[in-house]
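**Q** What follows is the file upload-v7.pdb, containing PDB, C-alpha atoms, pLDDT in the B column:
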```pdb
ATOM      1  CA  MET A   1       7.532  -3.361   9.109  1.00 90.00           C
ATOM      2  CA  GLN A   2       9.818  -0.711   7.670  1.00 95.00           C
ATOM      3  CA  ARG A   3       8.065   1.822   5.440  1.00 97.00           C
ATOM      4  CA  GLN A   4       9.593   4.299   3.021  1.00 97.00           C
ATOM      5  CA  PRO A   5       8.184   7.801   2.500  1.00 97.00           C
ATOM      6  CA  VAL A   6       6.529   8.372  -0.889  1.00 97.00           C
ATOM      7  CA  GLN A   7       5.470  11.356  -2.984  1.00 94.00           C
ATOM      8  CA  SER A   8       1.682  11.071  -2.985  1.00 94.00           C
ATOM      9  CA  SER A   9      -1.256  13.241  -2.046  1.00 91.00           C
ATOM     10  CA  ALA A  10      -2.956  10.229  -0.403  1.00 93.00           C
ATOM     11  CA  LEU A  11      -0.095   8.158   1.046  1.00 96.00           C
ATOM     12  CA  GLU A  12       2.616   9.009   3.541  1.00 97.00           C
ATOM     13  CA  SER A  13       4.672   5.802   3.290  1.00 98.00           C
ATOM     14  CA  ILE A  14       4.738   2.272   1.854  1.00 98.00           C
ATOM     15  CA  GLY A  15       6.190  -0.938   3.277  1.00 98.00           C
ATOM     16  CA  TYR A  16       6.341  -4.488   1.944  1.00 98.00           C
ATOM     17  CA  ASP A  17       7.144  -7.856   3.479  1.00 98.00           C
ATOM     18  CA  ALA A  18       8.250 -10.187   0.667  1.00 97.00           C
ATOM     19  CA  GLU A  19       8.056 -13.298   2.864  1.00 97.00           C
ATOM     20  CA  THR A  20       4.398 -12.844   3.774  1.00 98.00           C
ATOM     21  CA  HIS A  21       3.365 -10.848   0.659  1.00 98.00           C
ATOM     22  CA  THR A  22       2.007  -8.081   2.868  1.00 98.00           C
ATOM     23  CA  LEU A  23       1.706  -4.506   1.653  1.00 98.00           C
ATOM     24  CA  GLU A  24       1.556  -1.846   4.374  1.00 98.00           C
ATOM     25  CA  LEU A  25       0.313   1.649   3.603  1.00 98.00           C
ATOM     26  CA  GLU A  26       0.354   4.693   5.840  1.00 97.00           C
ATOM     27  CA  PHE A  27      -2.315   7.129   4.741  1.00 96.00           C
ATOM     28  CA  LYS A  28      -2.351  10.886   5.173  1.00 94.00           C
ATOM     29  CA  GLU A  29      -5.232  12.736   6.850  1.00 84.00           C
ATOM     30  CA  HIS A  30      -5.490  10.498   9.947  1.00 80.00           C
ATOM     31  CA  SER A  31      -6.516   7.390   8.006  1.00 85.00           C
ATOM     32  CA  GLY A  32      -3.882   5.328   9.795  1.00 94.00           C
ATOM     33  CA  VAL A  33      -1.828   2.329   8.732  1.00 97.00           C
ATOM     34  CA  TRP A  34      -3.368  -0.587   6.851  1.00 97.00           C
ATOM     35  CA  GLN A  35      -2.033  -3.919   5.647  1.00 98.00           C
ATOM     36  CA  TYR A  36      -3.139  -5.651   2.447  1.00 98.00           C
ATOM     37  CA  LEU A  37      -2.596  -9.402   2.362  1.00 98.00           C
ATOM     38  CA  ASN A  38      -1.543 -11.719  -0.495  1.00 98.00           C
ATOM     39  CA  PHE A  39      -0.070  -8.769  -2.400  1.00 98.00           C
ATOM     40  CA  LYS A  40       2.322 -10.422  -4.851  1.00 97.00           C
ATOM     41  CA  PRO A  41       5.691  -8.882  -5.842  1.00 97.00           C
ATOM     42  CA  SER A  42       4.459  -8.375  -9.428  1.00 97.00           C
ATOM     43  CA  ALA A  43       1.553  -6.266  -8.115  1.00 98.00           C
ATOM     44  CA  LEU A  44       3.979  -4.273  -5.966  1.00 98.00           C
ATOM     45  CA  LYS A  45       6.122  -3.535  -9.024  1.00 98.00           C
ATOM     46  CA  ARG A  46       3.078  -2.260 -10.944  1.00 98.00           C
ATOM     47  CA  PHE A  47       1.948  -0.201  -7.926  1.00 98.00           C
ATOM     48  CA  LEU A  48       5.319   1.478  -7.383  1.00 97.00           C
ATOM     49  CA  GLY A  49       5.711   2.136 -11.114  1.00 97.00           C
ATOM     50  CA  SER A  50       2.291   3.675 -11.560  1.00 97.00           C
ATOM     51  CA  PRO A  51       2.020   7.407 -12.345  1.00 96.00           C
ATOM     52  CA  SER A  52      -0.379   7.904  -9.397  1.00 96.00           C
ATOM     53  CA  LEU A  53      -0.114   5.801  -6.239  1.00 97.00           C
ATOM     54  CA  GLY A  54      -3.446   7.095  -4.964  1.00 94.00           C
ATOM     55  CA  ASN A  55      -5.282   6.283  -8.189  1.00 96.00           C
ATOM     56  CA  PHE A  56      -3.693   2.816  -8.353  1.00 97.00           C
ATOM     57  CA  PHE A  57      -4.760   2.186  -4.761  1.00 97.00           C
ATOM     58  CA  VAL A  58      -8.374   3.172  -5.423  1.00 95.00           C
ATOM     59  CA  THR A  59      -8.700   1.250  -8.699  1.00 97.00           C
ATOM     60  CA  LYS A  60      -6.506  -1.833  -8.135  1.00 97.00           C
ATOM     61  CA  ILE A  61      -6.087  -2.436  -4.367  1.00 98.00           C
ATOM     62  CA  LYS A  62      -8.992  -1.072  -2.311  1.00 96.00           C
ATOM     63  CA  GLY A  63     -11.692  -3.725  -1.944  1.00 96.00           C
ATOM     64  CA  LYS A  64      -9.687  -6.313  -3.887  1.00 97.00           C
ATOM     65  CA  TYR A  65      -7.343  -7.550  -1.125  1.00 98.00           C
ATOM     66  CA  LYS A  66      -8.048  -8.646   2.430  1.00 97.00           C
ATOM     67  CA  GLU A  67      -7.131  -5.725   4.651  1.00 97.00           C
ATOM     68  CA  LYS A  68      -6.582  -4.982   8.309  1.00 96.00           C
ATOM     69  CA  LYS A  69      -5.916  -1.778  10.195  1.00 96.00           C
ATOM     70  CA  VAL A  70      -2.714  -1.940  12.224  1.00 96.00           C
ATOM     71  CA  GLY A  71      -2.290   1.637  13.385  1.00 87.00           C
TER
END
```
If you took the structure in this file and wrote it as structure tokens, what would it be?

**A**
Amino acid sequence: MQRQPVQSSALESIGYDAETHTLELEFKEHSGVWQYLNFKPSALKRFLGSPSLGNFFVTKIKGKYKEKKVG
């Protein structure tokens, strides 16, 4: 999956597959690459438009979507 670099203290890059509704996040500090499943386009829009990607991740994504480590 192609990821784009982002300005965030927690995240290095973000990717999204619209066909499978999969969000892929590359974390800084050796946390690796994780995928979050059933992440709808409307949630992606809110995530990308949020003032803090890291805060949005912690409050709205982490623990709320099925996840798997891919790298």

**Q** Would you mind telling me which residue in A:Leu25, A:Phe39, A:Gly54, A:Thr20 lies nearest to Gln4 in chain A when using all atoms listed in the file?

**A**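 Counting all atoms listed in the file, the residue closest to Gln4 in chain A is A:Leu25.
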
**Q** Looking at A:Lys69, A:Lys60, A:Arg3, A:His21, which one is nearest to Gln35 in chain A, with distances taken over all atoms listed in the file?

**A**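 Among the listed residues, A:Lys69 lies closest to Gln35 in chain A.
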
**Q** Using the chain letters and numbering of this document, enumerate as JSON, numbers by chain the residues selected by the PyMOL selection byres ((chain A and resi 34) around 8).

**A** {"A": [24, 25, 26, 32, 33, 35, 36, 67, 68, 69, 70, 71]}

**Q** Create the file for the chosen residues now, containing C-alpha atoms and written as a compact mmCIF listing (two decimals), keeping the file's coordinate frame.

**A**
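The resulting file, selection-v1.txt, is reproduced below:
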```
# COMPACT_ATOMS: atom_id res chain seq x y z
CA GLU A 24 1.56 -1.85 4.37
CA LEU A 25 0.31 1.65 3.60
CA GLU A 26 0.35 4.69 5.84
CA GLY A 32 -3.88 5.33 9.80
CA VAL A 33 -1.83 2.33 8.73
CA GLN A 35 -2.03 -3.92 5.65
CA TYR A 36 -3.14 -5.65 2.45
CA GLU A 67 -7.13 -5.72 4.65
CA LYS A 68 -6.58 -4.98 8.31
CA LYS A 69 -5.92 -1.78 10.20
CA VAL A 70 -2.71 -1.94 12.22
CA GLY A 71 -2.29 1.64 13.38
```

**Q** Hey, can you check how far CA of Ser13 in chain A sits from CA of Leu37 in chain A?

**A**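 If I compute the distance from CA of Ser13 in chain A to CA of Leu37 in chain A, I get 16.9 Å.
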
**Q** Pick out the closest residue to Lys64 in chain A from this set: A:Lys45, A:Gln2, A:Asn38, A:Lys28. Count only C-alpha atoms.

**A**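 Of the candidates, the smallest distance to Lys64 in chain A is held by A:Asn38.
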
**Q** What's the 10 Å shell around Ala18 in chain A, counting only C-alpha atoms, without same-chain residues fewer than 4 positions away, as a list in words?

**A** Thr22, Leu23, Asn38, Phe39, Lys40, Pro41 and Leu44 of chain A
